[in-house]
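To be precise, the following lines are structure_28.cif, and they hold mmCIF, C-alpha atoms, pLDDT in the B column; chains and numbers go by the auth columns.
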```
data_entry
loop_
_atom_site.group_PDB
_atom_site.id
_atom_site.type_symbol
_atom_site.label_atom_id
_atom_site.label_comp_id
_atom_site.label_asym_id
_atom_site.label_seq_id
_atom_site.Cartn_x
_atom_site.Cartn_y
_atom_site.Cartn_z
_atom_site.B_iso_or_equiv
_atom_site.auth_seq_id
_atom_site.auth_asym_id
ATOM 1 C CA MET A 1 0.000 0.000 0.000 67.00 1 A
ATOM 2 C CA LEU A 2 1.285 3.456 -0.901 87.00 2 A
ATOM 3 C CA LYS A 3 2.238 5.512 2.097 94.00 3 A
ATOM 4 C CA LYS A 4 0.301 8.692 2.756 97.00 4 A
ATOM 5 C CA ARG A 5 2.405 11.843 2.734 98.00 5 A
ATOM 6 C CA ILE A 6 2.549 14.612 5.318 98.00 6 A
ATOM 7 C CA ILE A 7 3.439 17.919 3.692 98.00 7 A
ATOM 8 C CA ILE A 8 4.155 21.216 5.403 97.00 8 A
ATOM 9 C CA CYS A 9 3.300 24.516 3.768 94.00 9 A
ATOM 10 C CA LEU A 10 5.264 27.717 4.199 95.00 10 A
ATOM 11 C CA ASP A 11 3.238 30.746 3.085 90.00 11 A
ATOM 12 C CA VAL A 12 5.832 33.434 2.428 92.00 12 A
ATOM 13 C CA LYS A 13 5.299 37.196 2.243 89.00 13 A
ATOM 14 C CA ASP A 14 8.137 39.710 1.974 86.00 14 A
ATOM 15 C CA GLY A 15 10.643 36.964 2.711 86.00 15 A
ATOM 16 C CA ARG A 16 8.981 35.791 5.929 92.00 16 A
ATOM 17 C CA THR A 17 6.687 32.879 6.725 88.00 17 A
ATOM 18 C CA THR A 18 3.185 34.069 7.575 87.00 18 A
ATOM 19 C CA LYS A 19 -0.118 32.495 8.561 78.00 19 A
ATOM 20 C CA GLY A 20 -3.657 33.778 8.514 69.00 20 A
ATOM 21 C CA ILE A 21 -7.227 32.528 8.651 68.00 21 A
ATOM 22 C CA LYS A 22 -9.209 32.159 5.430 61.00 22 A
ATOM 23 C CA PHE A 23 -6.403 34.012 3.614 61.00 23 A
ATOM 24 C CA LYS A 24 -6.759 37.101 5.830 60.00 24 A
ATOM 25 C CA ASN A 25 -4.955 38.795 8.731 61.00 25 A
ATOM 26 C CA ASN A 26 -1.614 37.116 8.080 73.00 26 A
ATOM 27 C CA ILE A 27 0.989 37.464 10.811 77.00 27 A
ATOM 28 C CA ASP A 28 4.754 36.919 10.705 81.00 28 A
ATOM 29 C CA ILE A 29 5.714 33.585 12.251 81.00 29 A
ATOM 30 C CA GLY A 30 9.344 33.128 11.290 89.00 30 A
ATOM 31 C CA ASP A 31 12.221 32.678 8.868 94.00 31 A
ATOM 32 C CA PRO A 32 11.281 30.191 6.116 95.00 32 A
ATOM 33 C CA VAL A 33 14.851 28.910 5.824 96.00 33 A
ATOM 34 C CA GLU A 34 15.089 28.073 9.526 97.00 34 A
ATOM 35 C CA MET A 35 11.580 26.611 9.574 96.00 35 A
ATOM 36 C CA ALA A 36 12.277 24.415 6.542 97.00 36 A
ATOM 37 C CA ALA A 37 15.406 23.041 8.196 97.00 37 A
ATOM 38 C CA GLU A 38 13.511 22.244 11.400 97.00 38 A
ATOM 39 C CA TYR A 39 10.663 20.466 9.629 97.00 39 A
ATOM 40 C CA TYR A 40 13.156 18.457 7.586 97.00 40 A
ATOM 41 C CA ARG A 41 14.796 17.340 10.846 97.00 41 A
ATOM 42 C CA GLN A 42 11.371 16.337 12.145 97.00 42 A
ATOM 43 C CA GLY A 43 10.854 14.015 9.167 97.00 43 A
ATOM 44 C CA VAL A 44 8.319 15.797 6.969 98.00 44 A
ATOM 45 C CA ASP A 45 7.793 14.013 3.640 98.00 45 A
ATOM 46 C CA GLU A 46 7.591 17.090 1.424 98.00 46 A
ATOM 47 C CA LEU A 47 7.686 20.854 1.680 98.00 47 A
ATOM 48 C CA VAL A 48 5.578 23.407 -0.186 97.00 48 A
ATOM 49 C CA PHE A 49 6.677 27.040 -0.446 95.00 49 A
ATOM 50 C CA TYR A 50 4.092 29.596 -1.557 90.00 50 A
ATOM 51 C CA ASP A 51 5.000 33.195 -2.308 90.00 51 A
ATOM 52 C CA ILE A 52 1.500 34.447 -1.541 81.00 52 A
ATOM 53 C CA MET A 53 1.944 37.965 -2.944 80.00 53 A
ATOM 54 C CA ALA A 54 3.881 37.281 -6.152 79.00 54 A
ATOM 55 C CA SER A 55 0.927 37.036 -8.545 73.00 55 A
ATOM 56 C CA ALA A 56 -0.950 39.934 -6.956 73.00 56 A
ATOM 57 C CA ARG A 57 2.156 42.108 -7.305 82.00 57 A
ATOM 58 C CA GLY A 58 2.881 40.923 -10.830 78.00 58 A
ATOM 59 C CA ARG A 59 6.383 39.617 -10.180 84.00 59 A
ATOM 60 C CA GLY A 60 8.194 36.340 -10.563 82.00 60 A
ATOM 61 C CA PRO A 61 9.538 33.919 -7.951 88.00 61 A
ATOM 62 C CA ILE A 62 12.163 34.999 -5.392 91.00 62 A
ATOM 63 C CA LEU A 63 14.909 32.682 -6.581 94.00 63 A
ATOM 64 C CA ASP A 64 17.530 33.467 -3.949 94.00 64 A
ATOM 65 C CA LEU A 65 15.153 32.646 -1.093 95.00 65 A
ATOM 66 C CA ILE A 66 13.980 29.492 -2.869 96.00 66 A
ATOM 67 C CA ALA A 67 17.606 28.386 -3.241 97.00 67 A
ATOM 68 C CA ARG A 68 18.309 29.037 0.447 96.00 68 A
ATOM 69 C CA VAL A 69 15.309 26.953 1.496 96.00 69 A
ATOM 70 C CA ALA A 70 16.208 24.182 -0.963 97.00 70 A
ATOM 71 C CA SER A 71 19.712 23.995 0.510 96.00 71 A
ATOM 72 C CA GLN A 72 18.215 22.950 3.865 94.00 72 A
ATOM 73 C CA VAL A 73 15.965 20.101 2.728 96.00 73 A
ATOM 74 C CA PHE A 74 16.604 16.833 0.891 96.00 74 A
ATOM 75 C CA ILE A 75 13.009 15.859 0.209 97.00 75 A
ATOM 76 C CA PRO A 76 10.580 16.811 -2.571 97.00 76 A
ATOM 77 C CA PHE A 77 10.219 20.597 -2.585 97.00 77 A
ATOM 78 C CA CYS A 78 7.386 22.365 -4.411 98.00 78 A
ATOM 79 C CA VAL A 79 7.330 26.107 -5.088 97.00 79 A
ATOM 80 C CA GLY A 80 4.406 28.294 -6.115 95.00 80 A
ATOM 81 C CA GLY A 81 3.713 31.969 -6.605 91.00 81 A
ATOM 82 C CA GLY A 82 4.469 34.200 -9.575 88.00 82 A
ATOM 83 C CA ILE A 83 5.454 31.365 -11.918 94.00 83 A
ATOM 84 C CA GLY A 84 3.997 32.491 -15.233 94.00 84 A
ATOM 85 C CA THR A 85 6.378 31.350 -17.981 96.00 85 A
ATOM 86 C CA LEU A 86 8.485 28.369 -18.974 97.00 86 A
ATOM 87 C CA ASP A 87 11.541 30.398 -18.016 97.00 87 A
ATOM 88 C CA ASP A 88 10.056 30.898 -14.535 96.00 88 A
ATOM 89 C CA ILE A 89 9.523 27.146 -14.230 98.00 89 A
ATOM 90 C CA ARG A 90 13.060 26.435 -15.410 98.00 90 A
ATOM 91 C CA SER A 91 14.685 28.960 -13.084 97.00 91 A
ATOM 92 C CA THR A 92 12.642 27.722 -10.108 98.00 92 A
ATOM 93 C CA ILE A 93 13.710 24.134 -10.740 98.00 93 A
ATOM 94 C CA LEU A 94 17.323 25.226 -11.171 98.00 94 A
ATOM 95 C CA ALA A 95 17.043 27.046 -7.831 97.00 95 A
ATOM 96 C CA GLY A 96 16.294 23.708 -6.175 97.00 96 A
ATOM 97 C CA ALA A 97 12.595 22.911 -6.538 98.00 97 A
ATOM 98 C CA GLU A 98 11.490 19.474 -7.736 98.00 98 A
ATOM 99 C CA LYS A 99 7.990 20.723 -8.582 98.00 99 A
ATOM 100 C CA VAL A 100 6.253 23.993 -9.356 98.00 100 A
ATOM 101 C CA SER A 101 2.717 24.849 -8.339 98.00 101 A
ATOM 102 C CA LEU A 102 0.709 26.796 -10.912 97.00 102 A
ATOM 103 C CA ASN A 103 -2.349 28.571 -9.543 94.00 103 A
ATOM 104 C CA SER A 104 -3.312 32.073 -10.693 91.00 104 A
ATOM 105 C CA GLN A 105 -1.072 31.937 -13.745 92.00 105 A
ATOM 106 C CA ALA A 106 -2.570 28.613 -14.818 96.00 106 A
ATOM 107 C CA VAL A 107 -6.068 30.119 -14.715 97.00 107 A
ATOM 108 C CA LYS A 108 -4.916 33.094 -16.783 95.00 108 A
ATOM 109 C CA ASN A 109 -2.959 30.917 -19.217 97.00 109 A
ATOM 110 C CA PRO A 110 -3.996 27.235 -19.100 98.00 110 A
ATOM 111 C CA GLU A 111 -1.567 26.402 -21.904 98.00 111 A
ATOM 112 C CA LEU A 112 1.249 26.949 -19.394 98.00 112 A
ATOM 113 C CA ILE A 113 0.246 23.652 -17.781 99.00 113 A
ATOM 114 C CA LYS A 114 0.474 21.874 -21.129 98.00 114 A
ATOM 115 C CA SER A 115 3.772 23.398 -22.196 98.00 115 A
ATOM 116 C CA GLY A 116 5.265 22.967 -18.725 98.00 116 A
ATOM 117 C CA ALA A 117 4.332 19.290 -18.635 98.00 117 A
ATOM 118 C CA ARG A 118 5.708 18.757 -22.130 98.00 118 A
ATOM 119 C CA VAL A 119 9.064 20.359 -21.365 98.00 119 A
ATOM 120 C CA PHE A 120 9.615 19.321 -17.748 98.00 120 A
ATOM 121 C CA GLY A 121 7.313 16.309 -17.274 98.00 121 A
ATOM 122 C CA ASN A 122 3.927 15.903 -15.617 98.00 122 A
ATOM 123 C CA GLN A 123 5.578 15.083 -12.299 98.00 123 A
ATOM 124 C CA CYS A 124 6.958 18.635 -12.128 98.00 124 A
ATOM 125 C CA ILE A 125 3.651 20.426 -12.730 99.00 125 A
ATOM 126 C CA VAL A 126 1.284 20.785 -9.778 99.00 126 A
ATOM 127 C CA LEU A 127 -2.066 22.526 -9.992 98.00 127 A
ATOM 128 C CA GLY A 128 -2.593 24.768 -6.992 97.00 128 A
ATOM 129 C CA MET A 129 -6.303 25.392 -6.548 97.00 129 A
ATOM 130 C CA ASP A 130 -8.011 27.638 -4.007 96.00 130 A
ATOM 131 C CA ALA A 131 -11.737 26.937 -3.784 98.00 131 A
ATOM 132 C CA ALA A 132 -14.623 28.211 -1.692 98.00 132 A
ATOM 133 C CA ARG A 133 -18.235 27.159 -1.335 98.00 133 A
ATOM 134 C CA ASP A 134 -20.594 28.697 -3.888 98.00 134 A
ATOM 135 C CA ALA A 135 -24.014 27.168 -4.466 98.00 135 A
ATOM 136 C CA SER A 136 -24.250 28.772 -7.906 98.00 136 A
ATOM 137 C CA MET A 137 -21.438 26.589 -9.283 98.00 137 A
ATOM 138 C CA PRO A 138 -22.129 23.077 -10.685 98.00 138 A
ATOM 139 C CA SER A 139 -19.933 21.388 -8.056 98.00 139 A
ATOM 140 C CA GLY A 140 -20.841 23.811 -5.289 98.00 140 A
ATOM 141 C CA TYR A 141 -17.332 25.305 -5.234 99.00 141 A
ATOM 142 C CA ARG A 142 -15.790 28.273 -7.057 99.00 142 A
ATOM 143 C CA VAL A 143 -12.103 28.743 -7.908 98.00 143 A
ATOM 144 C CA TYR A 144 -10.297 31.854 -6.642 97.00 144 A
ATOM 145 C CA ILE A 145 -6.926 33.315 -7.634 92.00 145 A
ATOM 146 C CA ASN A 146 -4.406 35.910 -6.404 86.00 146 A
ATOM 147 C CA GLY A 147 -4.193 34.430 -2.942 81.00 147 A
ATOM 148 C CA GLY A 148 -7.932 33.924 -2.640 86.00 148 A
ATOM 149 C CA ARG A 149 -8.711 37.572 -3.304 88.00 149 A
ATOM 150 C CA VAL A 150 -10.179 37.323 -6.808 93.00 150 A
ATOM 151 C CA ALA A 151 -13.141 35.125 -7.790 97.00 151 A
ATOM 152 C CA THR A 152 -13.123 33.400 -11.172 98.00 152 A
ATOM 153 C CA GLU A 153 -15.918 31.898 -13.235 98.00 153 A
ATOM 154 C CA LEU A 154 -14.346 28.458 -12.918 99.00 154 A
ATOM 155 C CA ASP A 155 -16.040 25.528 -11.222 99.00 155 A
ATOM 156 C CA ALA A 156 -13.635 23.624 -8.982 99.00 156 A
ATOM 157 C CA ARG A 157 -14.330 20.127 -10.314 99.00 157 A
ATOM 158 C CA GLU A 158 -14.346 21.216 -13.955 99.00 158 A
ATOM 159 C CA TRP A 159 -11.098 23.148 -13.557 99.00 159 A
ATOM 160 C CA ALA A 160 -9.372 20.241 -11.824 99.00 160 A
ATOM 161 C CA GLN A 161 -10.350 17.890 -14.640 99.00 161 A
ATOM 162 C CA LYS A 162 -9.250 20.337 -17.329 99.00 162 A
ATOM 163 C CA ALA A 163 -5.898 20.970 -15.647 99.00 163 A
ATOM 164 C CA VAL A 164 -5.200 17.243 -15.413 99.00 164 A
ATOM 165 C CA SER A 165 -6.140 16.794 -19.071 99.00 165 A
ATOM 166 C CA LEU A 166 -3.589 19.499 -19.907 99.00 166 A
ATOM 167 C CA GLY A 167 -0.854 17.695 -17.987 99.00 167 A
ATOM 168 C CA ALA A 168 -0.960 18.554 -14.290 99.00 168 A
ATOM 169 C CA GLY A 169 0.501 15.594 -12.405 98.00 169 A
ATOM 170 C CA GLU A 170 -0.819 16.482 -8.975 98.00 170 A
ATOM 171 C CA ILE A 171 -3.273 18.867 -7.297 99.00 171 A
ATOM 172 C CA VAL A 172 -2.851 20.859 -4.103 98.00 172 A
ATOM 173 C CA LEU A 173 -6.459 21.537 -3.178 98.00 173 A
ATOM 174 C CA ASN A 174 -6.986 24.302 -0.655 96.00 174 A
ATOM 175 C CA SER A 175 -10.308 25.107 0.954 97.00 175 A
ATOM 176 C CA ILE A 176 -10.548 28.846 1.553 95.00 176 A
ATOM 177 C CA ASP A 177 -13.449 28.244 3.939 95.00 177 A
ATOM 178 C CA ALA A 178 -11.338 25.956 6.133 94.00 178 A
ATOM 179 C CA ASP A 179 -7.951 27.649 5.725 90.00 179 A
ATOM 180 C CA GLY A 180 -6.275 28.394 9.050 83.00 180 A
ATOM 181 C CA THR A 181 -9.341 27.479 11.113 89.00 181 A
ATOM 182 C CA ARG A 182 -7.907 24.198 12.438 92.00 182 A
ATOM 183 C CA ASP A 183 -11.488 22.880 12.491 94.00 183 A
ATOM 184 C CA GLY A 184 -10.896 20.063 10.001 96.00 184 A
ATOM 185 C CA TYR A 185 -10.480 19.699 6.265 98.00 185 A
ATOM 186 C CA GLU A 186 -13.281 20.243 3.761 97.00 186 A
ATOM 187 C CA LEU A 187 -14.036 16.548 3.292 98.00 187 A
ATOM 188 C CA ASN A 188 -16.768 16.932 0.679 98.00 188 A
ATOM 189 C CA LEU A 189 -14.567 19.097 -1.537 98.00 189 A
ATOM 190 C CA THR A 190 -11.544 16.839 -1.163 98.00 190 A
ATOM 191 C CA ARG A 191 -13.480 13.649 -1.844 99.00 191 A
ATOM 192 C CA MET A 192 -15.208 15.174 -4.878 99.00 192 A
ATOM 193 C CA ILE A 193 -11.948 16.271 -6.507 99.00 193 A
ATOM 194 C CA SER A 194 -10.156 13.030 -5.594 98.00 194 A
ATOM 195 C CA GLU A 195 -12.913 11.030 -7.283 99.00 195 A
ATOM 196 C CA ALA A 196 -12.950 13.320 -10.333 99.00 196 A
ATOM 197 C CA VAL A 197 -9.273 12.991 -11.300 99.00 197 A
ATOM 198 C CA GLU A 198 -6.692 10.230 -11.597 98.00 198 A
ATOM 199 C CA VAL A 199 -3.726 12.102 -10.159 98.00 199 A
ATOM 200 C CA PRO A 200 -2.744 12.518 -6.496 98.00 200 A
ATOM 201 C CA VAL A 201 -4.724 15.116 -4.544 99.00 201 A
ATOM 202 C CA ILE A 202 -3.156 16.910 -1.581 98.00 202 A
ATOM 203 C CA ALA A 203 -5.728 18.217 0.886 98.00 203 A
ATOM 204 C CA SER A 204 -5.042 21.654 2.313 97.00 204 A
ATOM 205 C CA GLY A 205 -6.828 23.960 4.718 95.00 205 A
ATOM 206 C CA GLY A 206 -8.248 23.194 8.149 94.00 206 A
ATOM 207 C CA GLY A 207 -5.879 20.635 9.651 95.00 207 A
ATOM 208 C CA GLY A 208 -5.844 21.080 13.420 95.00 208 A
ATOM 209 C CA THR A 209 -5.422 17.607 14.933 97.00 209 A
ATOM 210 C CA PRO A 210 -4.120 14.226 13.751 98.00 210 A
ATOM 211 C CA ALA A 211 -7.749 13.045 13.688 98.00 211 A
ATOM 212 C CA HIS A 212 -8.456 15.632 11.004 98.00 212 A
ATOM 213 C CA LEU A 213 -5.679 14.149 8.879 98.00 213 A
ATOM 214 C CA THR A 214 -7.016 10.646 9.434 98.00 214 A
ATOM 215 C CA ASP A 215 -10.425 11.798 8.214 98.00 215 A
ATOM 216 C CA VAL A 216 -9.190 13.512 5.066 98.00 216 A
ATOM 217 C CA LEU A 217 -6.855 10.641 4.151 98.00 217 A
ATOM 218 C CA THR A 218 -9.686 8.119 4.507 98.00 218 A
ATOM 219 C CA LYS A 219 -13.119 9.724 4.171 98.00 219 A
ATOM 220 C CA GLY A 220 -11.748 12.524 1.988 98.00 220 A
ATOM 221 C CA LYS A 221 -9.760 10.074 -0.182 98.00 221 A
ATOM 222 C CA ALA A 222 -6.748 12.406 -0.282 98.00 222 A
ATOM 223 C CA ASP A 223 -3.326 11.027 -1.159 98.00 223 A
ATOM 224 C CA ALA A 224 -1.563 13.471 1.140 98.00 224 A
ATOM 225 C CA ALA A 225 -2.381 16.067 3.771 98.00 225 A
ATOM 226 C CA LEU A 226 -0.847 19.494 3.912 97.00 226 A
ATOM 227 C CA VAL A 227 -0.473 21.101 7.326 96.00 227 A
ATOM 228 C CA ALA A 228 0.611 24.530 8.492 92.00 228 A
ATOM 229 C CA SER A 229 -0.956 26.095 11.597 89.00 229 A
ATOM 230 C CA MET A 230 -0.948 22.914 13.670 93.00 230 A
ATOM 231 C CA VAL A 231 2.828 22.574 13.375 95.00 231 A
ATOM 232 C CA HIS A 232 3.725 26.257 13.164 92.00 232 A
ATOM 233 C CA SER A 233 2.014 26.737 16.537 90.00 233 A
ATOM 234 C CA GLY A 234 4.191 24.062 18.131 93.00 234 A
ATOM 235 C CA ASP A 235 1.159 22.056 19.236 94.00 235 A
ATOM 236 C CA TYR A 236 2.283 19.086 17.131 96.00 236 A
ATOM 237 C CA THR A 237 5.474 17.833 15.542 97.00 237 A
ATOM 238 C CA VAL A 238 5.732 15.830 12.352 97.00 238 A
ATOM 239 C CA GLY A 239 6.675 12.815 14.441 97.00 239 A
ATOM 240 C CA SER A 240 3.686 13.064 16.756 97.00 240 A
ATOM 241 C CA ILE A 241 1.319 13.429 13.805 98.00 241 A
ATOM 242 C CA LYS A 242 2.762 10.406 12.025 98.00 242 A
ATOM 243 C CA LYS A 243 2.665 8.230 15.137 97.00 243 A
ATOM 244 C CA SER A 244 -0.992 9.085 15.637 97.00 244 A
ATOM 245 C CA LEU A 245 -1.785 8.301 12.000 98.00 245 A
ATOM 246 C CA ALA A 246 0.077 4.992 12.178 97.00 246 A
ATOM 247 C CA HIS A 247 -1.858 4.110 15.334 97.00 247 A
ATOM 248 C CA SER A 248 -5.049 4.742 13.339 96.00 248 A
ATOM 249 C CA GLY A 249 -3.906 2.370 10.613 96.00 249 A
ATOM 250 C CA ILE A 250 -2.790 5.010 8.114 97.00 250 A
ATOM 251 C CA PRO A 251 0.367 3.922 6.251 96.00 251 A
ATOM 252 C CA VAL A 252 3.024 6.621 6.734 97.00 252 A
ATOM 253 C CA ARG A 253 6.807 6.856 6.598 94.00 253 A
ATOM 254 C CA LEU A 254 7.946 6.796 10.208 90.00 254 A
ATOM 255 C CA THR A 255 11.237 8.303 11.318 77.00 255 A
ATOM 256 C CA ASP A 256 13.276 7.753 14.459 62.00 256 A
#
```

In structure tokens, write the structure found in this file.
Amino acid sequence: MLKKRIIICLDVKDGRTTKGIKFKNNIDIGDPVEMAAEYYRQGVDELVFYDIMASARGRGPILDLIARVASQVFIPFCVGGGIGTLDDIRSTILAGAEKVSLNSQAVKNPELIKSGARVFGNQCIVLGMDAARDASMPSGYRVYINGGRVATELDAREWAQKAVSLGAGEIVLNSIDADGTRDGYELNLTRMISEAVEVPVIASGGGGTPAHLTDVLTKGKADAALVASMVHSGDYTVGSIKKSLAHSGIPVRLTD
């Protein structure tokens, strides 16, 4: 049985890791380089780095900071934010990322997914999708861009399927409604997208306890769970989360 992955997200603004609730009221919580090194020592399976203001400010990725983070971790490392061209993808990978997450730029230019997958391989292209409940949409969820600040006309399920058809090899699915609340993942959203596509889905937004991860990895059918607040706060370590999941029968990679 494939092991479920535990992934930590670093939301970065102005060179610092931040955290908010439902994409609002972000506060500074530390140096992303130091935090990446600590989570690597704790045994996290993967790391995701999001430059949350890059697209809104119309700039590309911060390559020097990406390289500094990459130098501290020897696990899969995904970077998102401001990646809008093949050159951006190339430079981000050369800076040390194994994968790039395309979110706002993919919505604005879906062909970037296709060309990125063709040049660098599907395994390098991750669709980052921020969705919120909206009863007017066919699936009940609307896609947002620019760090959750701008609504699109895209339905979450339809966009996920289109992105995969274009070549996305994985989806990081973030629930805006659950983001930062630590009240549990959006199970209906995660299950719906997981059942709609044939690529791995990483659940994001709402993780507050190991039980929440157990739920989203089983009932939500996610292939991996992304966490932020519950580890940034110091309430849990990667090791304590994994031990709890293993006790619940979830296959995970345990470390000493």

Determine the residue set returned by the PyMOL selection byres ((chain A and resi 183-194) around 9) for the present structure, and present it as number ranges by chain. A: 131, 133, 139-141, 156-157, 160-161, 173-175, 177-182, 195-209, 211-213, 215-216, 219-223

Using all atoms listed in the file, which protein or nucleic acid residues come within 9 Å of A:Arg5? Drop anything in the same chain fewer than 2 positions from it, and give the result as a PyMOL selection string. chain A and resi 3+7+44-46+202+223-226+251-253

Using all atoms listed in the file, which residues sit within 10 Å of A:Pro138 once same-chain residues fewer than 4 positions away are excluded, as a list of chain:residue names?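 So the residues in contact are A:Asp134, A:Arg142, A:Leu154, A:Asp155, A:Ala156, A:Arg157, A:Glu158.
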
From the list A:Ile75, A:Met35, A:Gln105, A:Phe120, the nearest residue to A:Arg90 using all atoms listed in the file is A:Phe120

How would you write, as a PyMOL selection string, the residues chosen by the PyMOL selection byres ((chain A and resi 40) around 12) on this structure? chain A and resi 6-8+32-39+41-48+69-77+237-239+255

I'd like to see the residues matched by the PyMOL selection byres ((chain A and resi 14-17) around 10) on this file, and ideally I'd get them as a list of chain:residue names. A:Cys9, A:Leu10, A:Asp11, A:Val12, A:Lys13, A:Thr18, A:Lys19, A:Asn26, A:Ile27, A:Asp28, A:Ile29, A:Gly30, A:Asp31, A:Pro32, A:Val33, A:Met35, A:Phe49, A:Tyr50, A:Asp51, A:Ile52, A:Met53, A:Ala54, A:Ile62, A:Leu65, A:Ile66, A:His232

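With atom CA of A:Asn109 on one side and atom CA of A:Arg68 on the other, the separation reads 29.0 Å.
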
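Shortest separation to A:Lys242 among A:Met230, A:Thr214, A:Gly116, A:Gly169 occurs at residue A:Thr214, atoms counted being only C-alpha atoms.
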
In terms of the shortest atom-to-atom distance over all atoms listed in the file, which of A:Ser233, A:Ser248, A:Ser91, A:Ser165 is closest to A:Asn122? A:Ser165
